[in-house]
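run10.cif (mmCIF, C-alpha atoms and all ligand atoms) appears below.
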data_start
#
loop_
_atom_site.label_atom_id
_atom_site.label_comp_id
_atom_site.auth_asym_id
_atom_site.auth_seq_id
_atom_site.Cartn_x
_atom_site.Cartn_y
_atom_site.Cartn_z
CA MET P 1 98.42 120.97 126.90
CA SER P 2 97.48 117.38 126.49
CA ASN P 3 94.08 116.66 125.08
CA ASP P 4 93.85 113.26 126.66
CA LYS P 5 93.62 115.06 130.01
CA ILE P 6 90.58 117.13 129.03
CA GLU P 7 87.97 116.40 131.63
CA SER P 8 85.10 118.52 130.42
CA VAL P 9 81.69 116.92 130.07
CA SER P 10 78.47 118.23 128.62
CA PRO P 11 77.99 121.04 128.10
CA HIS P 12 81.28 120.96 126.27
CA VAL P 13 83.04 124.31 126.09
CA LEU P 14 84.93 125.82 123.17
CA PRO P 15 88.51 126.00 124.50
CA ALA P 16 90.29 129.35 124.19
CA LEU P 17 92.72 129.67 121.30
CA PRO P 18 96.31 129.30 122.58
CA TYR P 19 97.18 132.65 120.87
CA ALA P 20 95.51 135.74 119.44
CA GLU P 21 93.44 135.36 116.25
CA ASN P 22 96.02 137.41 114.32
CA ALA P 23 99.06 135.58 115.74
CA LEU P 24 99.42 133.20 112.77
CA ASP P 25 99.35 135.99 110.18
CA PRO P 26 100.51 136.10 107.41
CA VAL P 27 100.56 132.29 107.02
CA ILE P 28 96.96 132.08 108.25
CA SER P 29 95.15 135.42 108.44
CA ALA P 30 93.14 136.67 111.41
CA LYS P 31 90.04 136.51 109.21
CA ALA P 32 90.63 132.84 108.38
CA VAL P 33 91.32 131.93 112.03
CA GLY P 34 88.26 133.93 113.07
CA PHE P 35 85.95 131.97 110.79
CA HIS P 36 87.63 128.63 111.42
CA TYR P 37 87.61 128.95 115.21
CA GLY P 38 84.61 131.18 115.79
CA LYS P 39 82.24 129.55 113.29
CA HIS P 40 83.45 126.03 112.42
CA HIS P 41 85.03 124.89 115.69
CA LYS P 42 82.33 126.60 117.76
CA GLY P 43 79.69 125.03 115.52
CA TYR P 44 80.95 121.51 116.25
CA VAL P 45 80.89 122.18 120.02
CA ASP P 46 77.38 123.64 119.87
CA ASN P 47 76.08 120.77 117.72
CA LEU P 48 77.66 118.19 120.03
CA ASN P 49 75.95 119.70 123.06
CA LYS P 50 72.58 119.62 121.30
CA LEU P 51 73.08 116.04 120.10
CA VAL P 52 74.12 114.54 123.45
CA ALA P 53 71.63 116.43 125.65
CA GLY P 54 69.45 113.90 127.44
CA THR P 55 71.29 110.88 126.00
CA GLU P 56 73.60 108.29 127.57
CA PHE P 57 76.50 110.40 126.25
CA ALA P 58 75.52 113.58 128.10
CA HIS P 59 77.88 113.09 131.03
CA LEU P 60 80.80 111.44 129.26
CA LEU P 61 84.22 112.88 128.53
CA LEU P 62 84.82 113.97 124.96
CA GLU P 63 87.29 111.15 124.21
CA LYS P 64 84.90 108.59 125.66
CA ILE P 65 82.14 109.82 123.36
CA ILE P 66 84.50 109.49 120.39
CA THR P 67 85.56 105.93 121.22
CA LEU P 68 81.99 104.79 121.94
CA THR P 69 80.47 106.19 118.73
CA THR P 70 83.17 105.50 116.15
CA GLY P 71 82.00 103.19 113.37
CA LYS P 72 78.39 103.15 114.60
CA ALA P 73 76.04 104.12 111.79
CA ASP P 74 73.28 105.36 114.10
CA LYS P 75 75.72 107.57 116.04
CA THR P 76 77.47 109.23 113.08
CA ALA P 77 76.34 112.78 113.89
CA ILE P 78 77.51 112.55 117.51
CA PHE P 79 80.83 111.02 116.43
CA ASN P 80 81.43 113.65 113.75
CA ASN P 81 80.80 116.60 116.04
CA ALA P 82 82.70 115.11 119.00
CA ALA P 83 85.70 114.18 116.85
CA GLN P 84 85.72 117.55 115.08
CA THR P 85 85.61 119.30 118.45
CA TRP P 86 88.63 117.28 119.58
CA ASN P 87 90.47 117.57 116.25
CA HIS P 88 90.22 121.35 116.15
CA THR P 89 91.42 121.82 119.73
CA PHE P 90 94.37 119.58 118.86
CA TYR P 91 94.98 121.46 115.59
CA TRP P 92 95.21 124.90 117.23
CA SER P 93 97.88 123.53 119.57
CA SER P 94 99.67 121.91 116.64
CA LEU P 95 100.35 125.43 115.34
CA SER P 96 102.34 128.20 116.98
CA PRO P 97 103.36 131.73 116.00
CA LYS P 98 106.87 130.54 116.93
CA GLY P 99 106.56 127.25 115.07
CA GLY P 100 108.63 125.72 112.30
CA GLY P 101 112.30 125.35 113.03
CA LYS P 102 113.80 122.31 114.71
CA PRO P 103 112.02 119.79 116.95
CA PRO P 104 113.27 119.24 120.52
CA ALA P 105 116.01 116.59 120.80
CA VAL P 106 113.75 113.77 122.01
CA LEU P 107 111.48 114.17 119.01
CA ARG P 108 114.34 114.80 116.61
CA GLN P 109 115.84 111.42 117.51
CA LYS P 110 112.55 109.67 116.88
CA ILE P 111 112.13 111.48 113.55
CA LYS P 112 115.62 110.40 112.54
CA ALA P 113 114.90 106.79 113.46
CA SER P 114 111.58 106.70 111.59
CA PHE P 115 112.11 108.99 108.58
CA GLY P 116 115.89 109.46 108.29
CA THR P 117 115.76 113.27 108.28
CA LEU P 118 113.47 116.11 109.38
CA ASP P 119 113.06 117.12 105.74
CA ALA P 120 111.88 113.60 104.85
CA CYS P 121 109.32 113.76 107.67
CA LYS P 122 108.06 117.18 106.51
CA LYS P 123 107.91 116.00 102.92
CA GLU P 124 105.81 113.01 103.93
CA LEU P 125 103.47 115.27 105.92
CA ALA P 126 103.12 117.56 102.88
CA VAL P 127 102.58 114.78 100.33
CA THR P 128 100.07 113.06 102.60
CA ALA P 129 98.17 116.31 103.24
CA VAL P 130 97.91 117.09 99.54
CA SER P 131 96.89 113.54 98.61
CA GLN P 132 93.96 113.35 101.04
CA PHE P 133 90.98 113.37 98.65
CA GLY P 134 88.35 115.76 99.94
CA SER P 135 88.08 116.81 103.57
CA GLY P 136 90.28 115.37 106.30
CA TRP P 137 93.37 115.56 108.42
CA THR P 138 97.06 114.70 108.23
CA TRP P 139 98.75 113.48 111.39
CA LEU P 140 102.13 112.72 112.84
CA VAL P 141 101.43 109.76 115.12
CA LEU P 142 103.20 107.36 117.42
CA ASP P 143 102.39 103.80 116.41
CA GLY P 144 104.05 101.48 118.92
CA ASP P 145 107.46 103.13 119.27
CA LYS P 146 107.64 104.29 115.66
CA LEU P 147 106.56 107.61 114.20
CA LYS P 148 104.28 107.56 111.18
CA VAL P 149 102.43 110.03 108.99
CA VAL P 150 98.79 109.09 108.40
CA LYS P 151 95.72 110.75 106.96
CA THR P 152 92.09 110.46 108.00
CA GLY P 153 88.96 111.43 106.10
CA ASN P 154 86.32 113.87 107.31
CA ALA P 155 86.22 113.74 111.15
CA ASP P 156 88.13 110.50 111.69
CA VAL P 157 90.83 110.34 114.35
CA PRO P 158 93.90 108.08 114.73
CA MET P 159 93.14 107.13 118.37
CA THR P 160 90.33 104.80 117.34
CA THR P 161 92.86 102.61 115.52
CA GLY P 162 95.38 102.55 118.38
CA MET P 163 97.74 105.31 117.24
CA LYS P 164 98.71 108.26 119.42
CA PRO P 165 98.45 111.63 117.65
CA LEU P 166 101.38 114.00 118.09
CA LEU P 167 100.27 116.83 115.80
CA THR P 168 97.81 117.44 113.01
CA ILE P 169 97.17 119.63 109.96
CA ASP P 170 93.56 120.39 109.02
CA VAL P 171 93.10 119.95 105.26
CA TRP P 172 89.39 120.75 105.08
CA GLU P 173 88.92 123.58 102.59
CA HIS P 174 87.63 125.82 105.40
CA ALA P 175 91.15 125.71 106.89
CA TYR P 176 92.78 127.45 103.93
CA TYR P 177 90.31 128.67 101.32
CA LEU P 178 90.09 132.29 102.52
CA ASP P 179 93.88 132.69 102.32
CA TYR P 180 94.93 130.21 99.64
CA GLN P 181 91.76 129.43 97.66
CA ASN P 182 92.32 125.98 96.12
CA ARG P 183 96.11 125.94 96.73
CA ARG P 184 96.21 123.38 99.52
CA ALA P 185 99.89 122.60 98.90
CA ASP P 186 100.87 126.24 99.48
CA TYR P 187 98.94 126.29 102.78
CA VAL P 188 100.52 123.01 103.95
CA ASN P 189 104.05 124.02 102.99
CA ALA P 190 103.70 127.40 104.70
CA VAL P 191 102.35 125.76 107.85
CA LEU P 192 105.22 123.26 107.91
CA ALA P 193 107.81 126.00 107.36
CA LYS P 194 106.49 128.62 109.79
CA LEU P 195 103.83 127.35 112.20
CA ILE P 196 104.14 123.65 112.95
CA ASN P 197 104.54 123.19 116.69
CA TRP P 198 107.22 120.55 117.25
CA ASP P 199 107.25 121.33 120.98
CA PHE P 200 103.61 120.25 121.22
CA ALA P 201 104.37 117.05 119.30
CA ALA P 202 107.27 116.31 121.67
CA GLU P 203 105.03 116.87 124.72
CA ASN P 204 102.56 114.34 123.32
CA LEU P 205 105.26 111.64 123.11
CA GLY P 206 105.15 111.27 126.90
FE FE P 301 88.68 122.75 110.39
#
Will you turn the file into structure tokens for me?
Amino acid sequence: MSNDKIESVSPHVLPALPYAENALDPVISAKAVGFHYGKHHKGYVDNLNKLVAGTEFAHLLLEKIITLTTGKADKTAIFNNAAQTWNHTFYWSSLSPKGGGKPPAVLRQKIKASFGTLDACKKELAVTAVSQFGSGWTWLVLDGDKLKVVKTGNADVPMTTGMKPLLTIDVWEHAYYLDYQNRRADYVNAVLAKLINWDFAAENLG
């Protein structure tokens, strides 16, 4: 799955989860996925459709809406809901019931070149995720030919600053509060150990 090939236009559709709601248990419970996907992600899609109906954005691709509204004060609501729609679709694919483990060779080589070791890369993802103040996202991105870990606040996305996202971890409280309460670090470390989808990140290198 590559999100930059999504061709849906308004009305935007909530994409199916790439696995069952209970597939990430016990790291992320079925209840938490159910709320996160069925309420939060669906809510962003529904809001986006309402906001763009009858506007110049109504027939644009999701990524086009994001790039046209970023940084525009009078388009904040459209940007937030479009970006959160995109971010969540990307997040579900960044996780896998068979995640964790070792990245494919092509990605492993890039991780070695940019971070030294896989553990150093995972540590930087964890530290960055925990240090994001308030709501946001932590990303592994391709910046030029180098891998980097970056964080964004609220709905912001790395594409608008020229970086290519490879995978993401949602650090909004709604992503972990039902299972971990305020223990964001425990959620992030468990995701990195058991769910992170290196295959998806490797696919996004291409
Ligand atoms: Fe979320």
Please identify the residues whose atoms come within 10 Å of ligand FE 301 (chain P), using all atoms listed in the file, and report them as an NGL selection string. :P and (33 or 35-37 or 39-41 or 44 or 84-85 or 87-89 or 91-92 or 135-137 or 154-155 or 169-176)
Cut-off 10 Å around (101.3, 108.2, 116.7) with only C-alpha atoms: residues as a list in words: Trp139, Leu140, Val141, Leu142, Asp143, Gly144, Asp145, Lys146, Leu147, Lys148, Val149, Val150, Pro158, Met159, Gly162, Met163, Lys164, Pro165, Leu166, Leu167, Ala201, Asn204 and Leu205 of chain P
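Interatomic distance, atom CA of Asn49 of chain P against atom CA of Pro11 of chain P: 5.6 Å.
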Write out as a short mmCIF file (atom, residue, chain, number, x, y, z; two decimals) with C-alpha atoms, in the coordinates of the input the residues lying within 8 Å of Leu125 of chain P, counting only C-alpha atoms and excluding same-chain residues fewer than 2 positions away.
data_model
loop_
_atom_site.label_atom_id
_atom_site.label_comp_id
_atom_site.auth_asym_id
_atom_site.auth_seq_id
_atom_site.Cartn_x
_atom_site.Cartn_y
_atom_site.Cartn_z
CA CYS P 121 109.32 113.76 107.67
CA LYS P 122 108.06 117.18 106.51
CA LYS P 123 107.91 116.00 102.92
CA VAL P 127 102.58 114.78 100.33
CA THR P 128 100.07 113.06 102.60
CA ALA P 129 98.17 116.31 103.24
CA THR P 138 97.06 114.70 108.23
CA TRP P 139 98.75 113.48 111.39
CA LEU P 140 102.13 112.72 112.84
CA VAL P 149 102.43 110.03 108.99
#
Ranking P:Leu61, P:Gly100, P:Asn47, P:Val27 by minimum distance to Leu178 of chain P and counting all atoms listed in the file, which one comes first? P:Val27
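For the set P:Asp25, P:Asp156, P:Glu203, P:Glu124, the residue with the smallest atom-to-atom gap to Ala82 of chain P is P:Asp156, counting all atoms listed in the file.
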Ranking P:His12, P:Tyr177, P:Val188, P:Ala120 by minimum distance to His59 of chain P and counting all atoms listed in the file, which one comes first? P:His12
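When all atoms listed in the file are used to compute distances to Thr76 of chain P, the closest of the residues P:Arg183, P:Ala23, P:Leu48, P:Leu60 turns out to be P:Leu48.
You can rank P:Ala202, P:Ala73, P:Ala126, P:Val13 by their closest distance to Ala190 of chain P using all atoms listed in the file, and at the top of that list sits P:Ala126.
Interatomic distance, atom CA of Gly34 of chain P to atom CA of Leu195 of chain P: 16.9 Å.
Each of P:Pro97, P:Gly54, P:Gly43, P:Pro103 was checked against Ser29 of chain P using only C-alpha atoms; the smallest atom-to-atom distance is that of P:Pro97.
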